[in-house]
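Coordinates from run-v7.csv are shown below (CSV, C-alpha atoms).
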chain,number,residue,atom,x,y,z
A,1,MET,CA,21.2,-8.2,-11.0
A,2,LEU,CA,21.5,-7.0,-7.5
A,3,LEU,CA,24.2,-9.5,-6.7
A,4,ALA,CA,26.0,-8.6,-10.0
A,5,VAL,CA,26.1,-5.0,-9.0
A,6,LEU,CA,27.4,-5.8,-5.5
A,7,LEU,CA,30.1,-7.9,-7.1
A,8,GLU,CA,31.5,-4.9,-8.9
A,9,ARG,CA,32.9,-3.3,-5.7
A,10,PRO,CA,32.5,-6.1,-3.2
A,11,ARG,CA,34.3,-4.4,-0.3
A,12,THR,CA,32.3,-1.1,-0.6
A,13,TRP,CA,29.4,-0.4,1.7
A,14,ARG,CA,26.5,1.0,-0.3
A,15,HIS,CA,23.2,2.5,0.8
A,16,GLY,CA,19.8,1.4,-0.5
A,17,TYR,CA,19.2,4.5,-2.8
A,18,GLU,CA,22.6,4.0,-4.4
A,19,LEU,CA,21.8,0.4,-5.1
A,20,SER,CA,18.5,1.4,-6.5
A,21,LEU,CA,20.1,3.8,-8.9
A,22,GLN,CA,22.8,1.3,-9.9
A,23,THR,CA,20.4,-1.7,-10.5
A,24,GLY,CA,17.4,0.3,-11.7
A,25,LEU,CA,15.3,-1.5,-9.1
A,26,LYS,CA,12.6,0.5,-7.4
A,27,SER,CA,12.5,0.5,-3.6
A,28,GLY,CA,9.4,-1.8,-3.7
A,29,THR,CA,11.4,-4.4,-5.4
A,30,LEU,CA,14.8,-3.7,-3.9
A,31,TYR,CA,13.8,-3.9,-0.2
A,32,PRO,CA,12.2,-7.4,-0.3
A,33,LEU,CA,15.4,-8.6,-2.1
A,34,LEU,CA,17.6,-6.9,0.5
A,35,MET,CA,15.6,-8.5,3.3
A,36,ARG,CA,15.9,-11.9,1.9
A,37,LEU,CA,19.6,-11.6,1.0
A,38,SER,CA,20.3,-10.4,4.6
A,39,GLU,CA,18.2,-13.1,6.1
A,40,GLN,CA,20.0,-15.8,4.1
A,41,GLY,CA,23.4,-14.5,5.2
A,42,LEU,CA,24.3,-13.3,1.7
A,43,LEU,CA,24.4,-9.6,2.6
A,44,ASP,CA,26.0,-7.7,5.5
A,45,ALA,CA,24.1,-4.7,6.7
A,46,ARG,CA,25.0,-2.0,9.2
A,47,TRP,CA,23.9,1.5,10.3
A,48,THR,CA,26.0,4.6,9.7
A,49,GLU,CA,25.6,8.2,10.6
A,50,SER,CA,24.5,10.3,7.7
A,51,ASP,CA,27.1,12.7,6.3
A,52,GLN,CA,24.4,15.4,6.0
A,53,PRO,CA,23.7,17.2,9.3
A,54,GLY,CA,20.3,16.7,10.7
A,55,ARG,CA,19.6,13.5,8.7
A,56,PRO,CA,18.9,10.2,10.3
A,57,PRO,CA,21.4,7.3,10.1
A,58,ARG,CA,21.3,5.1,7.0
A,59,HIS,CA,21.6,1.4,6.3
A,60,LEU,CA,24.6,0.2,4.3
A,61,TYR,CA,25.0,-3.1,2.5
A,62,ARG,CA,27.8,-5.2,1.1
A,63,PRO,CA,27.9,-8.8,0.1
A,64,THR,CA,29.2,-11.5,2.6
A,65,ALA,CA,31.7,-14.1,1.5
A,66,ALA,CA,28.7,-16.4,0.7
A,67,GLY,CA,27.0,-13.7,-1.2
A,68,LEU,CA,30.1,-13.1,-3.3
A,69,ALA,CA,30.5,-16.8,-4.0
A,70,LEU,CA,26.8,-16.9,-5.2
A,71,ALA,CA,27.2,-13.8,-7.3
A,72,ARG,CA,30.4,-15.3,-8.9
A,73,GLU,CA,28.6,-18.5,-9.5
A,74,GLN,CA,25.7,-16.8,-11.1
A,75,ARG,CA,28.0,-14.7,-13.3
A,76,ALA,CA,29.9,-17.8,-14.4
A,77,SER,CA,26.7,-19.6,-15.3
A,78,GLY,CA,25.5,-16.5,-17.2
A,79,ASN,CA,22.7,-15.5,-14.9
A,80,GLY,CA,24.3,-12.4,-13.7
A,81,ALA,CA,24.1,-9.2,-15.7
A,82,PRO,CA,26.7,-6.8,-14.5
A,83,SER,CA,26.5,-4.8,-17.8
A,84,LEU,CA,22.9,-3.9,-17.0
A,85,ALA,CA,24.0,-1.9,-13.9
A,86,LYS,CA,23.3,1.8,-14.4
A,87,PRO,CA,26.1,4.3,-13.7
A,88,LEU,CA,25.8,5.9,-10.3
A,89,LYS,CA,24.3,9.3,-10.2
A,90,LEU,CA,26.3,11.5,-7.8
A,91,GLY,CA,25.0,14.2,-5.6
A,92,VAL,CA,22.4,12.0,-3.9
B,1,MET,CA,16.2,21.3,2.8
B,2,ASN,CA,13.8,20.5,5.5
B,3,PRO,CA,12.5,16.9,4.9
B,4,GLU,CA,9.1,17.9,6.3
B,5,SER,CA,8.6,21.0,4.2
B,6,THR,CA,6.5,20.1,1.2
B,7,TRP,CA,3.3,18.2,0.6
B,8,ARG,CA,5.3,15.5,-1.2
B,9,ARG,CA,7.4,15.0,1.9
B,10,ARG,CA,4.4,14.9,4.1
B,11,LEU,CA,2.7,12.4,1.8
B,12,ALA,CA,5.9,10.4,1.8
B,13,GLN,CA,5.9,10.3,5.6
B,14,ILE,CA,2.3,9.0,5.6
B,15,LEU,CA,3.1,6.4,3.0
B,16,LEU,CA,6.2,5.2,4.9
B,17,ARG,CA,4.1,4.9,8.1
B,18,LEU,CA,1.6,2.8,6.1
B,19,GLY,CA,4.4,0.7,4.8
B,20,ALA,CA,5.6,0.2,8.4
B,21,VAL,CA,2.1,-1.0,9.4
B,22,LEU,CA,1.9,-3.4,6.5
B,23,LEU,CA,5.3,-5.0,7.2
B,24,PRO,CA,5.0,-8.3,9.1
B,25,SER,CA,6.3,-8.2,12.7
B,26,GLU,CA,9.5,-10.2,11.9
B,27,ARG,CA,10.4,-7.5,9.3
B,28,SER,CA,9.4,-4.5,11.3
B,29,SER,CA,13.0,-3.2,11.8
B,30,TRP,CA,13.1,-2.6,8.0
B,31,ALA,CA,10.5,0.2,8.4
B,32,ALA,CA,13.1,2.5,10.0
B,33,VAL,CA,15.6,1.5,7.2
B,34,MET,CA,13.2,2.6,4.5
B,35,ARG,CA,12.1,5.7,6.4
B,36,ASN,CA,15.6,7.0,7.0
B,37,GLU,CA,16.6,6.3,3.4
B,38,ALA,CA,13.7,8.3,2.2
B,39,GLN,CA,14.7,11.2,4.4
B,40,SER,CA,18.2,11.1,3.0
B,41,ILE,CA,17.0,11.6,-0.6
B,42,GLU,CA,17.2,15.3,-1.6
B,43,ASP,CA,14.6,15.4,-4.3
B,44,ASP,CA,11.1,15.5,-2.9
B,45,ARG,CA,9.6,13.7,-5.9
B,46,GLU,CA,12.2,10.9,-5.7
B,47,ALA,CA,11.6,10.6,-2.0
B,48,LEU,CA,7.8,10.2,-2.6
B,49,HIS,CA,8.5,7.5,-5.2
B,50,TRP,CA,10.8,5.8,-2.6
B,51,ALA,CA,8.0,5.9,-0.1
B,52,MET,CA,5.5,4.5,-2.6
B,53,GLY,CA,7.9,1.6,-3.0
B,54,GLY,CA,8.0,1.2,0.7
B,55,VAL,CA,4.3,0.6,0.7
B,56,ARG,CA,4.6,-1.9,-2.1
B,57,ALA,CA,7.4,-3.7,-0.2
B,58,GLY,CA,5.3,-3.7,3.0
B,59,MET,CA,2.4,-5.2,1.1
B,60,ALA,CA,4.5,-7.8,-0.7
B,61,GLU,CA,6.1,-8.9,2.6
B,62,ARG,CA,2.7,-9.1,4.3
B,63,LEU,CA,1.3,-11.2,1.4
B,64,THR,CA,4.4,-13.4,1.6
B,65,ALA,CA,3.9,-13.9,5.3
B,66,TRP,CA,0.3,-14.7,4.9
B,67,ARG,CA,1.1,-17.3,2.1
B,68,THR,CA,3.8,-18.8,4.3
B,69,ARG,CA,1.4,-19.2,7.2
B,70,GLY,CA,-1.2,-20.7,4.8
B,71,ILE,CA,-3.7,-17.8,5.4
B,72,LEU,CA,-3.6,-16.9,1.7
B,73,SER,CA,-3.1,-20.2,0.0
B,74,THR,CA,-4.8,-20.9,-3.4
B,75,HIS,CA,-6.7,-23.6,-1.6
B,76,ALA,CA,-8.0,-21.2,1.0
B,77,LEU,CA,-9.0,-18.7,-1.6
B,78,GLY,CA,-10.8,-21.5,-3.5
B,79,ILE,CA,-12.7,-22.5,-0.5
B,80,LEU,CA,-13.7,-18.9,0.1
B,81,TRP,CA,-14.9,-18.6,-3.5
B,82,ILE,CA,-17.0,-21.7,-3.2
B,83,GLY,CA,-18.5,-20.3,0.0
B,84,ILE,CA,-19.5,-17.1,-1.9
B,85,PHE,CA,-21.2,-19.2,-4.5
B,86,ILE,CA,-23.1,-21.2,-1.9
B,87,VAL,CA,-24.3,-18.1,-0.2
B,88,SER,CA,-25.4,-16.4,-3.4
B,89,SER,CA,-27.1,-19.5,-4.9
B,90,ALA,CA,-28.9,-20.2,-1.5
B,91,PHE,CA,-30.0,-16.5,-1.5
B,92,ASN,CA,-31.4,-16.8,-5.1
B,93,VAL,CA,-33.4,-19.9,-4.4
B,94,SER,CA,-34.7,-18.5,-1.0
B,95,ILE,CA,-35.9,-15.2,-2.3
B,96,ALA,CA,-37.5,-16.8,-5.3
B,97,LEU,CA,-39.3,-19.4,-3.1
B,98,ALA,CA,-40.4,-16.8,-0.6
B,99,ALA,CA,-41.9,-14.6,-3.4
B,100,ARG,CA,-43.5,-17.6,-5.1
B,101,MET,CA,-45.1,-18.6,-1.8
B,102,GLY,CA,-46.3,-15.1,-1.2
B,103,ASN,CA,-44.2,-14.5,1.9
B,104,GLN,CA,-43.6,-10.8,1.4
B,105,ARG,CA,-41.9,-10.3,4.7
B,106,VAL,CA,-39.2,-12.9,4.1
B,107,ALA,CA,-38.8,-11.9,0.4
B,108,SER,CA,-38.4,-8.2,1.3
B,109,ALA,CA,-36.0,-9.0,4.1
B,110,LEU,CA,-33.8,-10.9,1.7
B,111,GLY,CA,-34.3,-8.3,-0.9
B,112,TRP,CA,-32.7,-5.7,1.4
B,113,TRP,CA,-29.4,-7.2,0.3
B,114,MET,CA,-30.2,-6.6,-3.4
B,115,LYS,CA,-30.0,-2.9,-4.2
B,116,GLY,CA,-33.1,-1.7,-6.1
B,117,PHE,CA,-35.2,-4.7,-5.1
B,118,GLU,CA,-38.9,-4.3,-5.3
B,119,TYR,CA,-41.2,-7.0,-4.1
B,120,ASP,CA,-44.0,-6.2,-6.5
B,121,ARG,CA,-41.7,-6.3,-9.5
B,122,PHE,CA,-40.1,-9.6,-8.3
B,123,VAL,CA,-43.3,-11.6,-7.8
B,124,PRO,CA,-44.1,-11.9,-11.6
B,125,LEU,CA,-40.6,-13.5,-12.1
B,126,ALA,CA,-41.1,-15.9,-9.2
B,127,ASP,CA,-44.5,-16.9,-10.6
B,128,ALA,CA,-43.1,-17.4,-14.1
B,129,MET,CA,-40.4,-19.8,-12.9
B,130,PRO,CA,-41.4,-23.5,-13.4
B,131,PRO,CA,-41.1,-25.8,-10.3
B,132,GLY,CA,-38.3,-27.7,-12.0
B,133,LEU,CA,-36.2,-24.6,-11.9
B,134,PHE,CA,-36.5,-24.4,-8.2
B,135,VAL,CA,-35.3,-28.0,-8.0
B,136,LEU,CA,-32.3,-27.1,-10.2
B,137,MET,CA,-31.6,-24.1,-8.0
B,138,GLY,CA,-31.6,-26.3,-4.9
B,139,LEU,CA,-29.4,-28.8,-6.7
B,140,VAL,CA,-26.9,-26.0,-7.4
B,141,VAL,CA,-26.7,-25.2,-3.7
B,142,ALA,CA,-26.2,-28.8,-2.9
B,143,LEU,CA,-23.5,-29.3,-5.5
B,144,PHE,CA,-21.6,-26.2,-4.3
B,145,THR,CA,-21.9,-27.5,-0.8
B,146,VAL,CA,-20.6,-30.9,-1.8
B,147,SER,CA,-17.6,-29.2,-3.6
B,148,LEU,CA,-16.9,-27.2,-0.5
B,149,TYR,CA,-16.9,-30.3,1.6
B,150,LEU,CA,-14.6,-32.1,-0.8
B,151,SER,CA,-12.3,-29.1,-1.0
B,152,VAL,CA,-12.0,-28.9,2.8
B,153,ARG,CA,-11.2,-32.6,2.7
B,154,ASN,CA,-8.6,-32.0,0.0
B,155,ARG,CA,-10.3,-34.4,-2.4
B,156,PRO,CA,-9.5,-34.0,-6.2
B,157,THR,CA,-13.1,-34.6,-7.1
B,158,ALA,CA,-13.9,-31.2,-5.6
B,159,PHE,CA,-12.9,-29.6,-8.9
B,160,ALA,CA,-15.4,-31.7,-10.9
B,161,ALA,CA,-18.1,-31.0,-8.4
B,162,PHE,CA,-17.5,-27.3,-8.5
B,163,CYS,CA,-17.5,-27.2,-12.3
B,164,SER,CA,-20.8,-29.2,-12.4
B,165,ALA,CA,-22.4,-26.8,-10.0
B,166,LEU,CA,-21.1,-23.8,-11.9
B,167,VAL,CA,-22.4,-25.1,-15.3
B,168,LEU,CA,-25.8,-25.9,-13.7
B,169,SER,CA,-25.9,-22.5,-12.1
B,170,LEU,CA,-25.1,-20.9,-15.4
B,171,ALA,CA,-27.8,-22.9,-17.1
B,172,VAL,CA,-30.3,-21.8,-14.5
B,173,TRP,CA,-29.3,-18.2,-14.9
B,174,LEU,CA,-29.6,-18.3,-18.7
B,175,TYR,CA,-33.0,-19.8,-18.3
B,176,GLU,CA,-34.0,-17.0,-16.0
B,177,LEU,CA,-32.7,-14.4,-18.4
B,178,GLY,CA,-35.1,-15.9,-21.0
B,179,ILE,CA,-38.1,-15.1,-18.7
B,180,PRO,CA,-39.6,-11.7,-19.8
B,181,ALA,CA,-40.2,-10.7,-16.2
B,182,TYR,CA,-36.5,-11.1,-15.3
B,183,MET,CA,-35.3,-7.8,-16.7
B,184,HIS,CA,-38.0,-6.0,-14.9
B,185,ALA,CA,-37.5,-7.8,-11.6
B,186,ILE,CA,-33.7,-7.9,-11.2
B,187,PRO,CA,-31.9,-4.6,-11.0
B,188,ALA,CA,-29.3,-4.0,-13.8
B,189,GLN,CA,-26.5,-3.8,-11.2
B,190,HIS,CA,-27.3,-7.2,-9.8
B,191,ARG,CA,-27.5,-8.7,-13.3
B,192,TRP,CA,-24.0,-7.3,-14.1
B,193,ARG,CA,-22.6,-8.6,-10.9
B,194,ILE,CA,-23.9,-12.1,-11.7
B,195,GLY,CA,-22.5,-12.0,-15.2
B,196,ILE,CA,-19.1,-10.7,-14.1
B,197,CYS,CA,-18.9,-13.4,-11.4
B,198,PHE,CA,-19.5,-16.1,-14.0
B,199,VAL,CA,-16.9,-14.6,-16.4
B,200,LEU,CA,-14.3,-14.2,-13.7
B,201,THR,CA,-14.8,-17.7,-12.5
B,202,ALA,CA,-14.6,-19.1,-16.0
B,203,ALA,CA,-11.4,-17.1,-16.6
B,204,VAL,CA,-9.8,-18.5,-13.5
B,205,LEU,CA,-10.8,-22.0,-14.5
B,206,GLY,CA,-9.5,-21.4,-18.0
B,207,VAL,CA,-6.2,-20.3,-16.7
B,208,LEU,CA,-6.0,-23.4,-14.5
B,209,ARG,CA,-6.9,-25.6,-17.4
B,210,SER,CA,-4.5,-24.0,-19.8
B,211,GLY,CA,-1.5,-24.8,-17.7
B,212,GLY,CA,-1.2,-21.7,-15.6
B,213,PRO,CA,-0.8,-22.1,-11.9
B,214,ALA,CA,-1.3,-25.8,-11.3
B,215,PRO,CA,-4.7,-26.5,-9.7
B,216,VAL,CA,-4.2,-27.3,-6.0
B,217,ARG,CA,-5.8,-30.5,-4.9
B,218,GLY,CA,-9.4,-29.9,-4.3
B,219,GLN,CA,-9.3,-26.3,-5.5
B,220,PRO,CA,-11.9,-25.0,-7.9
I need this file expressed as C-alpha cells, please.
Amino acid sequence: MLLAVLLERPRTWRHGYELSLQTGLKSGTLYPLLMRLSEQGLLDARWTESDQPGRPPRHLYRPTAAGLALAREQRASGNGAPSLAKPLKLGV
Amino acid sequence: MNPESTWRRRLAQILLRLGAVLLPSERSSWAAVMRNEAQSIEDDREALHWAMGGVRAGMAERLTAWRTRGILSTHALGILWIGIFIVSSAFNVSIALAARMGNQRVASALGWWMKGFEYDRFVPLADAMPPGLFVLMGLVVALFTVSLYLSVRNRPTAFAAFCSALVLSLAVWLYELGIPAYMHAIPAQHRWRIGICFVLTAAVLGVLRSGGPAPVRGQP
C-alpha cells in the first residue's frame, strides 16, 4: 500500500506524517517499512528544514527508480491498492 | 504551540526516548527522524500517538535484530522452555524428597522459592506420596534433560522426548492432586501456576501440531 501511495505522485517528496495519513498506517508500522525500503534502495530519503519556525528538520521520502518499478510491478499484478489511499488532510 | 508545553508532549518525548533506546544500533539514526516528525505534528494527541508508534517501531526493530542474530529464534525459546521445566521438576522432586526424609532445613530452604510454603503443612503430602511417585518424578527430570540435550544437538527426537516428559509430568501432577494433603500443602497460587504452565505448553504444542508455525528441528 505504501508503494502504491508513493506511485501516485512519484516525484513529490513527502514526510512521514503525510504518508501515514495517506496510507492509514500508524507510525509503528510505517517506520519499519520506511527503514526497509530505504535499506533496499527502493526509497530516497533526505532532510529538509521545517517550514514552521522553531521546529526541527524533517525527513522526506520519495521512491527511487527501483522503487517505482516495483510499485508498478505490484500494481500490474494486482497487489497494489492505490484506491485505499486516504485523502491527505491539510494543515498538518 | 510550544512542543514541550503539555503533559501529552512531555509523555511523547519520554516515549520517543524509549523508542530510541529500543532501536538497534544500526537503525539508531531513525530515532531523530521519528522525534523530529513528532515535534512537527501540531495536535498533541496525534503527536502522542505518533510517539507510541515510535516505541512500537523500536520494539519491532529490536526483536527483528534479535531474531536475525539468532538470539530469539524459536529453537532458542524452546530450549529455554525445556530449561524451565527441568528446573521446576527438579525442584518438585527435591523438596518432596527432603520433606519425606525429614530434612527440614533443606525443605524450608527450597520452600523459600514457593510463596506461602509451610514445612509442617507440606510433610503430610510428602509422607502420603508413594515411593513409585518419586521414581516417576525423577524420570520426568531425566526425560526433560534428555529432550534438552537432543534439542541442543538439533535432533528431531527432542520433540518426542519433550512430549513424553510433559505427559509423564502431567500424570504425576494429577496423581498429586488426588492426594487429600495436596490442597493443604501447596499454596493456591502455586497450583494455578502449574496448571497455567501445562495449559500454555499444551496450547503451543497444539498450534505446532495443527500446522501453525512449523516446528523447528528439535524444538518442543
Quick check: residues of chain B within 7 Å of chain A, only C-alpha atoms, returned as a list in words. Val33, Asn36, Glu37, Gln39, Ser40, Ile41, Glu42, Trp50, Gly53, Gly54, Arg56, Ala57 and Glu61 of chain B
Using all atoms listed in the file, which protein or nucleic acid residues come within 12 Å of Pro63 in chain A? Drop anything in the same chain fewer than 2 positions from it, and give the result as a count of residues only. 33
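Interatomic distance, CA of Arg17 in chain B to CA of Met34 in chain B: 10.1 Å.
Taking CA of Arg35 in chain B and CA of Leu48 in chain B as endpoints, the distance between them is 10.9 Å.
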Identify, on the basis of only C-alpha atoms, every residue whose closest approach to Val21 in chain B does not exceed 10 Å; exclude the query and any residue fewer than 4 positions from it along the same chain; express the result as an MDAnalysis selection string. chainID B and resid 15:17 25 28 31 55 58:59 62
With C-alpha atoms retained, write the just-selected residues as a PDB file, in the frame of the given file.
ATOM      1  CA  LEU B  15       3.100   6.400   3.000  1.00  0.00           C
ATOM      2  CA  LEU B  16       6.200   5.200   4.900  1.00  0.00           C
ATOM      3  CA  ARG B  17       4.100   4.900   8.100  1.00  0.00           C
ATOM      4  CA  SER B  25       6.300  -8.200  12.700  1.00  0.00           C
ATOM      5  CA  SER B  28       9.400  -4.500  11.300  1.00  0.00           C
ATOM      6  CA  ALA B  31      10.500   0.200   8.400  1.00  0.00           C
ATOM      7  CA  VAL B  55       4.300   0.600   0.700  1.00  0.00           C
ATOM      8  CA  GLY B  58       5.300  -3.700   3.000  1.00  0.00           C
ATOM      9  CA  MET B  59       2.400  -5.200   1.100  1.00  0.00           C
ATOM     10  CA  ARG B  62       2.700  -9.100   4.300  1.00  0.00           C
TER      11      ARG B  62
END
